[in-house]
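Source file: my_file_2.csv; contents: CSV, C-alpha atoms.
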chain,number,residue,atom,x,y,z
X,5,MET,CA,-7.1,13.4,-48.5
X,6,ARG,CA,-5.0,10.5,-47.3
X,7,LYS,CA,-6.4,7.8,-45.1
X,8,VAL,CA,-5.8,8.3,-41.4
X,9,LEU,CA,-4.3,4.8,-41.0
X,10,SER,CA,-3.3,2.6,-43.9
X,11,ILE,CA,-2.1,-0.9,-43.9
X,12,PHE,CA,1.4,0.3,-44.8
X,13,ASP,CA,1.3,2.4,-41.6
X,14,LEU,CA,0.6,-0.7,-39.5
X,15,VAL,CA,3.4,-2.5,-41.2
X,16,LEU,CA,5.6,0.5,-40.4
X,17,ILE,CA,4.6,0.5,-36.7
X,18,PHE,CA,5.1,-3.1,-36.1
X,19,SER,CA,8.5,-3.3,-37.9
X,20,LEU,CA,9.8,-0.2,-36.1
X,21,THR,CA,8.6,-1.4,-32.8
X,22,GLY,CA,10.1,-4.9,-33.4
X,23,GLY,CA,13.3,-3.4,-34.6
X,24,SER,CA,13.6,-1.1,-31.6
X,25,LEU,CA,12.8,-4.0,-29.2
X,26,LEU,CA,15.5,-6.1,-30.8
X,27,GLY,CA,17.9,-3.2,-30.5
X,28,LEU,CA,17.0,-2.9,-26.8
X,29,ILE,CA,17.6,-6.5,-26.2
X,30,TYR,CA,20.9,-6.4,-28.1
X,31,MET,CA,21.9,-3.3,-26.0
X,32,ASP,CA,21.1,-5.2,-22.8
X,33,ARG,CA,23.4,-8.0,-23.8
X,34,LEU,CA,26.2,-5.6,-24.7
X,35,ILE,CA,26.4,-4.0,-21.3
X,36,PRO,CA,29.4,-5.5,-19.5
X,37,GLY,CA,28.9,-7.2,-16.3
X,38,GLY,CA,31.4,-8.4,-13.8
X,39,ASP,CA,32.0,-9.1,-10.2
X,40,SER,CA,33.5,-6.0,-8.9
X,41,VAL,CA,32.0,-2.7,-8.1
X,42,ARG,CA,34.2,0.3,-8.8
X,43,ILE,CA,33.2,3.6,-7.1
X,44,GLU,CA,34.6,6.9,-8.0
X,45,VAL,CA,33.8,10.3,-6.6
X,46,ASN,CA,34.9,13.4,-8.5
X,47,GLY,CA,37.2,11.3,-10.6
X,48,GLU,CA,39.0,9.8,-7.6
X,49,LEU,CA,38.8,6.1,-7.0
X,50,LYS,CA,37.2,5.5,-3.7
X,51,GLY,CA,37.3,1.8,-3.8
X,52,ILE,CA,36.7,-1.4,-5.6
X,53,TYR,CA,34.4,-3.9,-3.9
X,54,PRO,CA,33.4,-7.4,-4.7
X,55,LEU,CA,29.9,-7.7,-5.9
X,56,ASN,CA,29.1,-10.8,-3.9
X,57,GLU,CA,29.8,-9.3,-0.5
X,58,ASP,CA,26.9,-7.3,1.0
X,59,ARG,CA,28.1,-3.9,2.0
X,60,ILE,CA,27.0,-0.3,2.5
X,61,VAL,CA,29.3,2.4,1.2
X,62,GLU,CA,29.1,6.0,2.2
X,63,LEU,CA,30.5,8.5,-0.2
X,64,ASN,CA,31.1,12.2,0.4
X,65,GLY,CA,30.6,14.3,-2.7
X,66,PRO,CA,30.4,18.1,-3.3
X,67,LEU,CA,26.6,18.1,-2.6
X,68,GLY,CA,26.7,15.8,0.4
X,69,LYS,CA,26.6,12.1,1.3
X,70,THR,CA,25.6,9.4,-1.2
X,71,ILE,CA,24.8,6.0,0.3
X,72,VAL,CA,25.4,3.0,-1.9
X,73,GLU,CA,24.3,-0.5,-1.0
X,74,ILE,CA,25.7,-3.7,-2.4
X,75,ARG,CA,23.3,-6.6,-1.7
X,76,ASP,CA,22.3,-9.8,-3.4
X,77,LYS,CA,24.9,-9.2,-6.1
X,78,LYS,CA,23.2,-5.9,-7.0
X,79,VAL,CA,24.1,-2.3,-6.5
X,80,ARG,CA,21.7,0.5,-5.7
X,81,VAL,CA,21.9,4.0,-4.4
X,82,VAL,CA,19.9,4.3,-1.2
X,83,ASP,CA,20.1,8.0,-0.7
X,84,SER,CA,21.7,11.0,-2.5
X,85,PRO,CA,21.6,14.7,-2.1
X,86,CYS,CA,21.0,15.3,-5.9
X,87,PRO,CA,17.9,17.2,-6.9
X,88,ASN,CA,16.4,14.7,-9.4
X,89,LYS,CA,17.3,11.5,-7.7
X,90,PHE,CA,17.8,9.7,-11.1
X,91,CYS,CA,20.4,7.5,-9.4
X,92,ILE,CA,18.0,6.2,-6.9
X,93,HIS,CA,15.3,5.7,-9.5
X,94,GLN,CA,17.5,3.3,-11.4
X,95,GLY,CA,17.0,0.7,-8.7
X,96,SER,CA,19.2,-2.3,-8.3
X,97,VAL,CA,21.7,-2.8,-11.1
X,98,SER,CA,23.6,-6.0,-11.6
X,99,LYS,CA,25.6,-4.8,-14.6
X,100,GLY,CA,26.5,-1.5,-16.2
X,101,SER,CA,26.8,1.6,-14.2
X,102,ILE,CA,25.0,4.2,-12.1
X,103,ILE,CA,26.0,7.8,-12.2
X,104,CYS,CA,25.0,10.7,-10.0
X,105,LEU,CA,26.1,13.7,-12.0
X,106,PRO,CA,25.4,16.4,-9.4
X,107,ASN,CA,27.2,14.7,-6.6
X,108,ARG,CA,29.9,13.4,-9.0
X,109,VAL,CA,29.5,9.8,-8.0
X,110,VAL,CA,30.3,7.1,-10.6
X,111,ILE,CA,29.6,3.4,-9.9
X,112,ILE,CA,30.7,0.9,-12.5
X,113,ILE,CA,30.2,-2.8,-12.3
X,114,GLY,CA,32.6,-4.8,-14.3
X,115,GLY,CA,35.9,-6.4,-14.6
X,116,GLU,CA,37.5,-9.1,-12.5
X,117,GLN,CA,38.5,-8.5,-9.0
X,118,GLY,CA,42.1,-8.6,-10.0
X,119,ILE,CA,42.8,-5.2,-11.6
X,120,ASP,CA,45.8,-4.0,-13.4
X,121,ALA,CA,46.2,-0.6,-11.9
X,122,ILE,CA,44.6,1.9,-9.5
X,123,THR,CA,45.0,5.6,-10.2
X,124,GLY,CA,44.6,8.3,-7.7
J,15,MET,CA,-20.6,48.1,-60.8
J,16,ARG,CA,-18.8,44.9,-59.8
J,17,GLY,CA,-20.4,43.2,-62.8
J,18,GLN,CA,-18.8,45.7,-65.1
J,19,LYS,CA,-15.4,45.2,-63.6
J,20,SER,CA,-15.5,41.4,-64.0
J,21,GLU,CA,-16.6,41.7,-67.6
J,22,ALA,CA,-13.8,44.0,-68.4
J,23,LYS,CA,-11.2,41.7,-66.8
J,24,GLU,CA,-12.5,38.4,-67.9
J,25,ASN,CA,-9.1,37.3,-69.1
J,26,LEU,CA,-7.7,37.3,-65.6
J,27,SER,CA,-6.6,34.0,-64.1
J,28,PHE,CA,-8.7,32.7,-61.2
J,29,LYS,CA,-6.1,33.7,-58.7
J,30,SER,CA,-5.8,37.3,-59.9
J,31,GLU,CA,-9.5,37.7,-60.0
J,32,LEU,CA,-9.8,36.3,-56.5
J,33,ARG,CA,-7.2,38.8,-55.3
J,34,LEU,CA,-9.0,41.6,-57.0
J,35,GLN,CA,-12.2,40.7,-55.3
J,36,THR,CA,-10.4,40.2,-52.1
J,37,SER,CA,-9.0,43.7,-52.1
J,38,GLU,CA,-12.5,45.0,-52.6
J,39,LEU,CA,-13.8,43.3,-49.5
J,40,SER,CA,-13.5,44.7,-46.1
J,41,SER,CA,-10.8,43.3,-43.9
J,42,GLU,CA,-13.1,41.0,-41.9
J,43,LEU,CA,-14.2,39.1,-44.9
J,44,ARG,CA,-10.8,38.7,-46.6
J,45,PRO,CA,-9.8,35.1,-47.0
J,46,PRO,CA,-6.8,34.0,-45.0
J,47,THR,CA,-3.4,34.7,-46.5
J,48,SER,CA,-0.5,32.4,-45.8
J,49,GLU,CA,1.0,34.8,-43.3
J,50,LEU,CA,-2.1,34.8,-41.3
J,51,ARG,CA,-2.3,31.1,-41.4
J,52,ILE,CA,1.3,30.7,-40.3
J,53,ALA,CA,0.8,33.2,-37.5
J,54,VAL,CA,-2.3,31.7,-36.1
J,55,LEU,CA,-1.1,28.1,-36.4
J,56,SER,CA,2.3,29.0,-34.9
J,57,ALA,CA,0.5,30.6,-32.0
J,58,MET,CA,-1.4,27.4,-31.4
J,59,ALA,CA,1.6,25.3,-31.7
J,60,ILE,CA,3.5,27.5,-29.2
J,61,ALA,CA,0.7,27.4,-26.8
J,62,ILE,CA,0.4,23.6,-27.0
J,63,HIS,CA,4.2,23.2,-26.7
J,64,SER,CA,4.4,25.5,-23.7
J,65,ILE,CA,1.6,23.8,-21.8
J,66,GLU,CA,2.9,20.4,-22.6
J,67,SER,CA,6.3,21.3,-21.2
J,68,LEU,CA,4.7,22.0,-17.9
J,69,VAL,CA,3.5,18.5,-17.4
J,70,PRO,CA,5.8,16.8,-15.0
J,71,MET,CA,7.6,13.7,-16.3
J,72,PRO,CA,10.1,11.3,-14.7
J,73,VAL,CA,12.4,11.9,-17.6
J,74,PRO,CA,12.4,15.5,-18.8
J,75,TRP,CA,13.0,14.9,-22.5
J,76,LEU,CA,10.1,12.5,-22.8
J,77,ARG,CA,7.4,14.5,-24.4
J,78,ILE,CA,4.6,13.4,-26.8
J,79,GLY,CA,5.2,16.5,-28.8
J,80,PHE,CA,1.6,17.5,-29.4
J,81,SER,CA,2.7,20.6,-31.3
J,82,ASN,CA,3.6,18.3,-34.2
J,83,VAL,CA,-0.1,17.8,-34.7
J,84,ILE,CA,-0.3,21.4,-35.8
J,85,SER,CA,2.7,21.0,-38.2
J,86,LEU,CA,1.2,17.9,-39.6
J,87,ILE,CA,-2.2,19.4,-40.2
J,88,ALA,CA,-0.6,22.5,-41.7
J,89,PHE,CA,1.5,20.3,-44.0
J,90,ILE,CA,-1.4,18.3,-45.3
J,91,SER,CA,-3.7,21.3,-45.7
J,92,PHE,CA,-1.4,24.0,-46.7
J,93,GLY,CA,1.8,22.6,-48.0
J,94,PHE,CA,5.4,22.3,-47.0
J,95,LYS,CA,6.4,26.0,-46.8
J,96,THR,CA,3.6,26.8,-44.3
J,97,ALA,CA,4.4,23.8,-42.2
J,98,MET,CA,8.1,24.6,-42.1
J,99,ALA,CA,7.5,28.2,-41.2
J,100,ILE,CA,5.2,27.1,-38.4
J,101,THR,CA,7.7,24.6,-37.1
J,102,ILE,CA,10.6,27.1,-37.1
J,103,THR,CA,8.5,29.8,-35.5
J,104,ARG,CA,7.3,27.5,-32.9
J,105,VAL,CA,10.8,26.3,-32.0
J,106,PHE,CA,12.2,29.8,-31.8
J,107,VAL,CA,9.4,31.4,-29.8
J,108,SER,CA,8.8,28.6,-27.4
J,109,ALA,CA,12.5,28.5,-26.7
J,110,MET,CA,12.4,32.1,-25.9
J,111,LEU,CA,9.3,31.8,-23.7
J,112,ILE,CA,10.6,28.8,-21.8
J,113,GLY,CA,14.0,30.3,-21.4
J,114,THR,CA,16.2,27.8,-23.2
J,115,PHE,CA,16.7,30.0,-26.2
J,116,PRO,CA,20.3,29.7,-27.4
J,117,GLY,CA,21.0,26.6,-25.4
J,118,PRO,CA,21.5,23.0,-26.4
J,119,ALA,CA,17.8,22.1,-26.0
J,120,PHE,CA,17.0,24.8,-28.5
J,121,VAL,CA,19.5,23.6,-31.0
J,122,LEU,CA,18.3,20.0,-30.7
J,123,SER,CA,14.7,21.1,-31.0
J,124,LEU,CA,15.4,23.1,-34.1
J,125,SER,CA,17.4,20.4,-35.8
J,126,GLY,CA,14.8,17.8,-35.0
J,127,GLY,CA,11.9,20.0,-36.1
J,128,ILE,CA,13.5,21.0,-39.5
J,129,LEU,CA,14.5,17.4,-40.3
J,130,SER,CA,11.1,16.1,-39.3
J,131,THR,CA,9.2,18.6,-41.4
J,132,SER,CA,11.6,17.9,-44.4
J,133,ALA,CA,11.0,14.2,-43.9
J,134,LEU,CA,7.3,14.8,-44.0
J,135,ALA,CA,7.7,16.5,-47.4
J,136,MET,CA,9.8,13.6,-48.8
J,137,ALA,CA,7.6,10.9,-47.3
J,138,SER,CA,4.4,12.4,-48.6
J,139,ILE,CA,5.6,11.6,-52.2
J,140,VAL,CA,4.9,7.9,-51.3
J,141,PRO,CA,1.1,7.4,-51.6
J,142,PHE,CA,1.1,4.4,-49.4
J,143,PHE,CA,1.5,6.3,-46.2
J,144,GLY,CA,-1.6,7.3,-44.2
J,145,ILE,CA,-1.5,10.4,-42.0
J,146,THR,CA,-0.4,8.2,-39.1
J,147,GLY,CA,2.4,6.8,-41.1
J,148,LEU,CA,3.6,10.2,-42.1
J,149,SER,CA,3.6,11.3,-38.5
J,150,ILE,CA,5.6,8.3,-37.5
J,151,VAL,CA,8.2,8.9,-40.2
J,152,SER,CA,8.5,12.5,-39.2
J,153,ALA,CA,8.8,11.6,-35.5
J,154,PHE,CA,11.5,9.0,-36.4
J,155,PHE,CA,13.5,11.6,-38.3
J,156,HIS,CA,13.0,14.1,-35.5
J,157,VAL,CA,14.8,11.7,-33.2
J,158,ILE,CA,17.5,10.9,-35.8
J,159,GLY,CA,18.1,14.6,-36.3
J,160,GLN,CA,18.3,15.2,-32.6
J,161,LEU,CA,20.7,12.3,-32.0
J,162,SER,CA,22.9,13.3,-34.8
J,163,VAL,CA,23.2,16.9,-33.7
J,164,ALA,CA,23.7,15.7,-30.1
J,165,TYR,CA,26.5,13.4,-31.2
J,166,TYR,CA,28.3,15.9,-33.4
J,167,LEU,CA,28.0,18.9,-31.0
J,168,PHE,CA,27.7,17.6,-27.5
J,169,ILE,CA,28.3,14.0,-26.7
J,170,LYS,CA,31.0,12.7,-29.0
J,171,GLN,CA,30.8,9.1,-27.6
J,172,PRO,CA,29.2,6.8,-30.1
J,173,GLU,CA,28.4,4.2,-27.4
J,174,ALA,CA,26.2,6.5,-25.5
J,175,VAL,CA,24.2,7.5,-28.6
J,176,ILE,CA,23.9,4.0,-29.9
J,177,ALA,CA,22.8,2.8,-26.4
J,178,ILE,CA,19.8,5.2,-26.2
J,179,ALA,CA,18.9,5.0,-29.9
J,180,PRO,CA,16.6,1.9,-29.7
J,181,LEU,CA,14.6,3.4,-26.7
J,182,LEU,CA,14.2,6.7,-28.5
J,183,ALA,CA,13.2,5.0,-31.7
J,184,LEU,CA,10.5,3.1,-29.8
J,185,MET,CA,9.2,6.2,-28.1
J,186,ALA,CA,9.2,8.0,-31.5
J,187,THR,CA,7.1,5.4,-33.2
J,188,PHE,CA,4.5,5.5,-30.4
J,189,THR,CA,4.3,9.3,-30.1
J,190,GLY,CA,4.3,9.6,-33.8
J,191,ALA,CA,1.4,7.2,-34.0
J,192,ILE,CA,-0.5,9.2,-31.3
J,193,ASN,CA,0.1,12.5,-33.0
J,194,GLY,CA,-0.8,11.1,-36.4
J,195,GLY,CA,-4.0,9.6,-35.1
J,196,ILE,CA,-5.0,12.9,-33.5
J,197,ALA,CA,-4.1,14.9,-36.6
J,198,GLY,CA,-6.0,12.5,-38.8
J,199,LEU,CA,-9.1,12.7,-36.6
J,200,ILE,CA,-9.0,16.4,-36.7
J,201,LEU,CA,-8.6,16.5,-40.4
J,202,THR,CA,-11.4,14.1,-40.9
J,203,LYS,CA,-13.7,16.2,-38.7
J,204,LEU,CA,-12.7,19.4,-40.6
J,205,ARG,CA,-13.4,17.8,-43.9
J,206,GLN,CA,-16.8,16.7,-42.6
J,207,ARG,CA,-17.6,20.2,-41.5
J,208,ALA,CA,-16.4,21.7,-44.7
J,209,SER,CA,-18.6,19.4,-46.8
J,210,VAL,CA,-21.6,19.7,-44.7
J,211,GLY,CA,-21.2,23.4,-43.8
J,212,TYR,CA,-20.1,24.4,-40.4
J,213,ARG,CA,-22.9,25.3,-38.1
J,214,PRO,CA,-21.6,26.4,-34.7
Encoded form (structure tokens):
Amino acid sequence: MRKVLSIFDLVLIFSLTGGSLLGLIYMDRLIPGGDSVRIEVNGELKGIYPLNEDRIVELNGPLGKTIVEIRDKKVRVVDSPCPNKFCIHQGSVSKGSIICLPNRVVIIIGGEQGIDAITG
Amino acid sequence: MRGQKSEAKENLSFKSELRLQTSELSSELRPPTSELRIAVLSAMAIAIHSIESLVPMPVPWLRIGFSNVISLIAFISFGFKTAMAITITRVFVSAMLIGTFPGPAFVLSLSGGILSTSALAMASIVPFFGITGLSIVSAFFHVIGQLSVAYYLFIKQPEAVIAIAPLLALMATFTGAINGGIAGLILTKLRQRASVGYRP
């Protein structure tokens, strides 16, 4: 019978773990940041807000009211009527995006304040 | 009388003679056929999978996948066909029991399971892998299979798939190591019992 744990296995574990961690760090660098917070509900643009101004935004989606807070150059969802609350669990985000699928809320951080076009 | 039969058929291969003796025994004493093994092990794998799916997790798809322990033990003890049969049976039946049968979760589970068991077969050619290593390889290919199918059938955006790939690979190595360790310990214990003689 084979050994339960061979040296090759340990090599495998460490190399795969290291590779994945490197991949994670690389992913983190790839996420675009920016200084504007773009919020869309149900595909419609509700507003583009500067990241450095503290603000509380209330959004009305199909399930109810989602409250988004911009503070200390970070964005977080304070309250949301979705069942799983994934959006709230993400915490404060300084780059990337937060999406609340059930309530159709999309928050994207990125781009400069000067935008080319606004649709909707 | 049995002595006479064996004398007359001395030229039988060991397997045929075993089968002959088997058919003479009553049903309780018959050694397990592969169908029986597949059935019993599949039942265990289904039970493990169903119970594991009840455990609440912050992220629903994050499971350690303990039913892979059964597939792994089956592969090492009984071979590829048995292990594949167990995997496929487990995926189908637990999908039916949990209620996700023809849905995307089932398709992902099936593709992951088939690819991981096939990867087990291919990786076992290499003698350097221990049981833990085999489990990690199979878990890795399980994730690759699921990501590929998810990409081709559901998600279509390479960025999303590439973004979660490192995290899933990390989880796969750890859960693979855990499952492999458990399977290895069980197999070692079984081997001890087999050599010593099992006394309940």
| task | Would you give me, as a PyMOL selection string, the residues of chain X that come within 6 Å of chain J, using all atoms listed in the file? | result | chain X and resi 6-10+13+21+24+27-28
| task | Measure the distance from atom CA of Ile112 of chain X to atom CA of Ser162 of chain J in Å and round it to one decimal. | result |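 Atom CA of Ser162 of chain J lies 26.7 Å from atom CA of Ile112 of chain X.
Residue neighbourhood of Tyr165 of chain J, excluding near-sequence residues (fewer than 6 positions): J:Gly159, J:Gln171, J:Pro172, J:Ala174, J:Val175, J:Ile176, at 10 Å, using all atoms listed in the file.
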| said: Here's a test: counting all atoms listed in the file, identify every protein, DNA and RNA residue with an atom at most 8 Å from (25.7, 1.6, 4.0) in the file's coordinate frame, and state them as a ChimeraX atom specification. | reply: /X:59-62,71-73
| Distance query segment 49-60 of chain J at most 9 Å, only C-alpha atoms, self and fewer than 3 positions along chain excluded, as a PyMOL selection string | chain J and resi 46+63-65+80-85+88+92+96-97+99-105+107-108
| task | Record the distance separating atom CA of Gly126 of chain J and atom CA of Thr47 of chain J, expressed in Å with one decimal. | result |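 Separation between atom CA of Gly126 of chain J and atom CA of Thr47 of chain J: 27.4 Å.
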| message | For Asn46 of chain X, find every residue with an atom within 12 Å (counting all atoms listed in the file), except residues of its own chain fewer than 4 positions away, and show them as a PyMOL selection string. | response | chain X and resi 50+63-67+103-111+124
| request: Can you work out the spacing between atom CA of Pro54 of chain X and atom CA of Arg42 of chain X in Å, to one decimal? | output: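 So the two atoms, atom CA of Pro54 of chain X and atom CA of Arg42 of chain X, lie 8.8 Å apart.
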Segment 168-194 of chain J rebuilt with N, CA and C atoms, output as a PDB file, keeping the file's coordinate frame:
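So the final result, stored in rebuild-v7.pdb, reads:
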ATOM      1  N   PHE J 168      27.597  17.652 -28.961  1.00  0.00           N
ATOM      2  CA  PHE J 168      27.700  17.600 -27.500  1.00  0.00           C
ATOM      3  C   PHE J 168      28.337  16.306 -26.995  1.00  0.00           C
ATOM      4  N   ILE J 169      27.884  15.159 -27.457  1.00  0.00           N
ATOM      5  CA  ILE J 169      28.300  14.000 -26.700  1.00  0.00           C
ATOM      6  C   ILE J 169      29.495  13.248 -27.218  1.00  0.00           C
ATOM      7  N   LYS J 170      29.795  13.215 -28.469  1.00  0.00           N
ATOM      8  CA  LYS J 170      31.000  12.700 -29.000  1.00  0.00           C
ATOM      9  C   LYS J 170      31.320  11.183 -28.672  1.00  0.00           C
ATOM     10  N   GLN J 171      30.483  10.517 -27.878  1.00  0.00           N
ATOM     11  CA  GLN J 171      30.800   9.100 -27.600  1.00  0.00           C
ATOM     12  C   GLN J 171      29.743   8.270 -28.360  1.00  0.00           C
ATOM     13  N   PRO J 172      30.153   7.551 -29.378  1.00  0.00           N
ATOM     14  CA  PRO J 172      29.200   6.800 -30.100  1.00  0.00           C
ATOM     15  C   PRO J 172      28.429   5.756 -29.271  1.00  0.00           C
ATOM     16  N   GLU J 173      29.099   5.236 -28.222  1.00  0.00           N
ATOM     17  CA  GLU J 173      28.400   4.200 -27.400  1.00  0.00           C
ATOM     18  C   GLU J 173      27.198   4.752 -26.734  1.00  0.00           C
ATOM     19  N   ALA J 174      27.300   5.950 -26.187  1.00  0.00           N
ATOM     20  CA  ALA J 174      26.200   6.500 -25.500  1.00  0.00           C
ATOM     21  C   ALA J 174      24.986   6.735 -26.437  1.00  0.00           C
ATOM     22  N   VAL J 175      25.292   7.266 -27.627  1.00  0.00           N
ATOM     23  CA  VAL J 175      24.200   7.500 -28.600  1.00  0.00           C
ATOM     24  C   VAL J 175      23.589   6.235 -29.066  1.00  0.00           C
ATOM     25  N   ILE J 176      24.428   5.246 -29.375  1.00  0.00           N
ATOM     26  CA  ILE J 176      23.900   4.000 -29.900  1.00  0.00           C
ATOM     27  C   ILE J 176      23.089   3.295 -28.751  1.00  0.00           C
ATOM     28  N   ALA J 177      23.493   3.513 -27.505  1.00  0.00           N
ATOM     29  CA  ALA J 177      22.800   2.800 -26.400  1.00  0.00           C
ATOM     30  C   ALA J 177      21.377   3.351 -26.239  1.00  0.00           C
ATOM     31  N   ILE J 178      21.178   4.675 -26.403  1.00  0.00           N
ATOM     32  CA  ILE J 178      19.800   5.200 -26.200  1.00  0.00           C
ATOM     33  C   ILE J 178      19.000   5.166 -27.476  1.00  0.00           C
ATOM     34  N   ALA J 179      19.639   4.922 -28.619  1.00  0.00           N
ATOM     35  CA  ALA J 179      18.900   5.000 -29.900  1.00  0.00           C
ATOM     36  C   ALA J 179      17.691   4.061 -29.952  1.00  0.00           C
ATOM     37  N   PRO J 180      17.788   2.782 -29.550  1.00  0.00           N
ATOM     38  CA  PRO J 180      16.600   1.900 -29.700  1.00  0.00           C
ATOM     39  C   PRO J 180      15.435   2.433 -28.817  1.00  0.00           C
ATOM     40  N   LEU J 181      15.730   2.892 -27.591  1.00  0.00           N
ATOM     41  CA  LEU J 181      14.600   3.400 -26.700  1.00  0.00           C
ATOM     42  C   LEU J 181      13.980   4.591 -27.358  1.00  0.00           C
ATOM     43  N   LEU J 182      14.796   5.533 -27.862  1.00  0.00           N
ATOM     44  CA  LEU J 182      14.200   6.700 -28.500  1.00  0.00           C
ATOM     45  C   LEU J 182      13.430   6.385 -29.719  1.00  0.00           C
ATOM     46  N   ALA J 183      13.928   5.410 -30.491  1.00  0.00           N
ATOM     47  CA  ALA J 183      13.200   5.000 -31.700  1.00  0.00           C
ATOM     48  C   ALA J 183      11.826   4.440 -31.307  1.00  0.00           C
ATOM     49  N   LEU J 184      11.805   3.644 -30.247  1.00  0.00           N
ATOM     50  CA  LEU J 184      10.500   3.100 -29.800  1.00  0.00           C
ATOM     51  C   LEU J 184       9.568   4.170 -29.375  1.00  0.00           C
ATOM     52  N   MET J 185      10.064   5.125 -28.561  1.00  0.00           N
ATOM     53  CA  MET J 185       9.200   6.200 -28.100  1.00  0.00           C
ATOM     54  C   MET J 185       8.736   7.021 -29.347  1.00  0.00           C
ATOM     55  N   ALA J 186       9.619   7.197 -30.338  1.00  0.00           N
ATOM     56  CA  ALA J 186       9.200   8.000 -31.500  1.00  0.00           C
ATOM     57  C   ALA J 186       8.100   7.343 -32.273  1.00  0.00           C
ATOM     58  N   THR J 187       8.148   6.008 -32.434  1.00  0.00           N
ATOM     59  CA  THR J 187       7.100   5.400 -33.200  1.00  0.00           C
ATOM     60  C   THR J 187       5.742   5.542 -32.436  1.00  0.00           C
ATOM     61  N   PHE J 188       5.771   5.379 -31.109  1.00  0.00           N
ATOM     62  CA  PHE J 188       4.500   5.500 -30.400  1.00  0.00           C
ATOM     63  C   PHE J 188       3.968   6.907 -30.392  1.00  0.00           C
ATOM     64  N   THR J 189       4.834   7.874 -30.065  1.00  0.00           N
ATOM     65  CA  THR J 189       4.300   9.300 -30.100  1.00  0.00           C
ATOM     66  C   THR J 189       3.959   9.701 -31.449  1.00  0.00           C
ATOM     67  N   GLY J 190       4.702   9.238 -32.457  1.00  0.00           N
ATOM     68  CA  GLY J 190       4.300   9.600 -33.800  1.00  0.00           C
ATOM     69  C   GLY J 190       2.964   9.018 -34.179  1.00  0.00           C
ATOM     70  N   ALA J 191       2.698   7.786 -33.731  1.00  0.00           N
ATOM     71  CA  ALA J 191       1.400   7.200 -34.000  1.00  0.00           C
ATOM     72  C   ALA J 191       0.291   7.995 -33.319  1.00  0.00           C
ATOM     73  N   ILE J 192       0.535   8.391 -32.068  1.00  0.00           N
ATOM     74  CA  ILE J 192      -0.500   9.200 -31.300  1.00  0.00           C
ATOM     75  C   ILE J 192      -0.758  10.474 -32.024  1.00  0.00           C
ATOM     76  N   ASN J 193       0.314  11.209 -32.333  1.00  0.00           N
ATOM     77  CA  ASN J 193       0.100  12.500 -33.000  1.00  0.00           C
ATOM     78  C   ASN J 193      -0.565  12.344 -34.332  1.00  0.00           C
ATOM     79  N   GLY J 194      -0.156  11.314 -35.081  1.00  0.00           N
ATOM     80  CA  GLY J 194      -0.800  11.100 -36.400  1.00  0.00           C
ATOM     81  C   GLY J 194      -2.237  10.778 -36.283  1.00  0.00           C
TER      82      GLY J 194
END
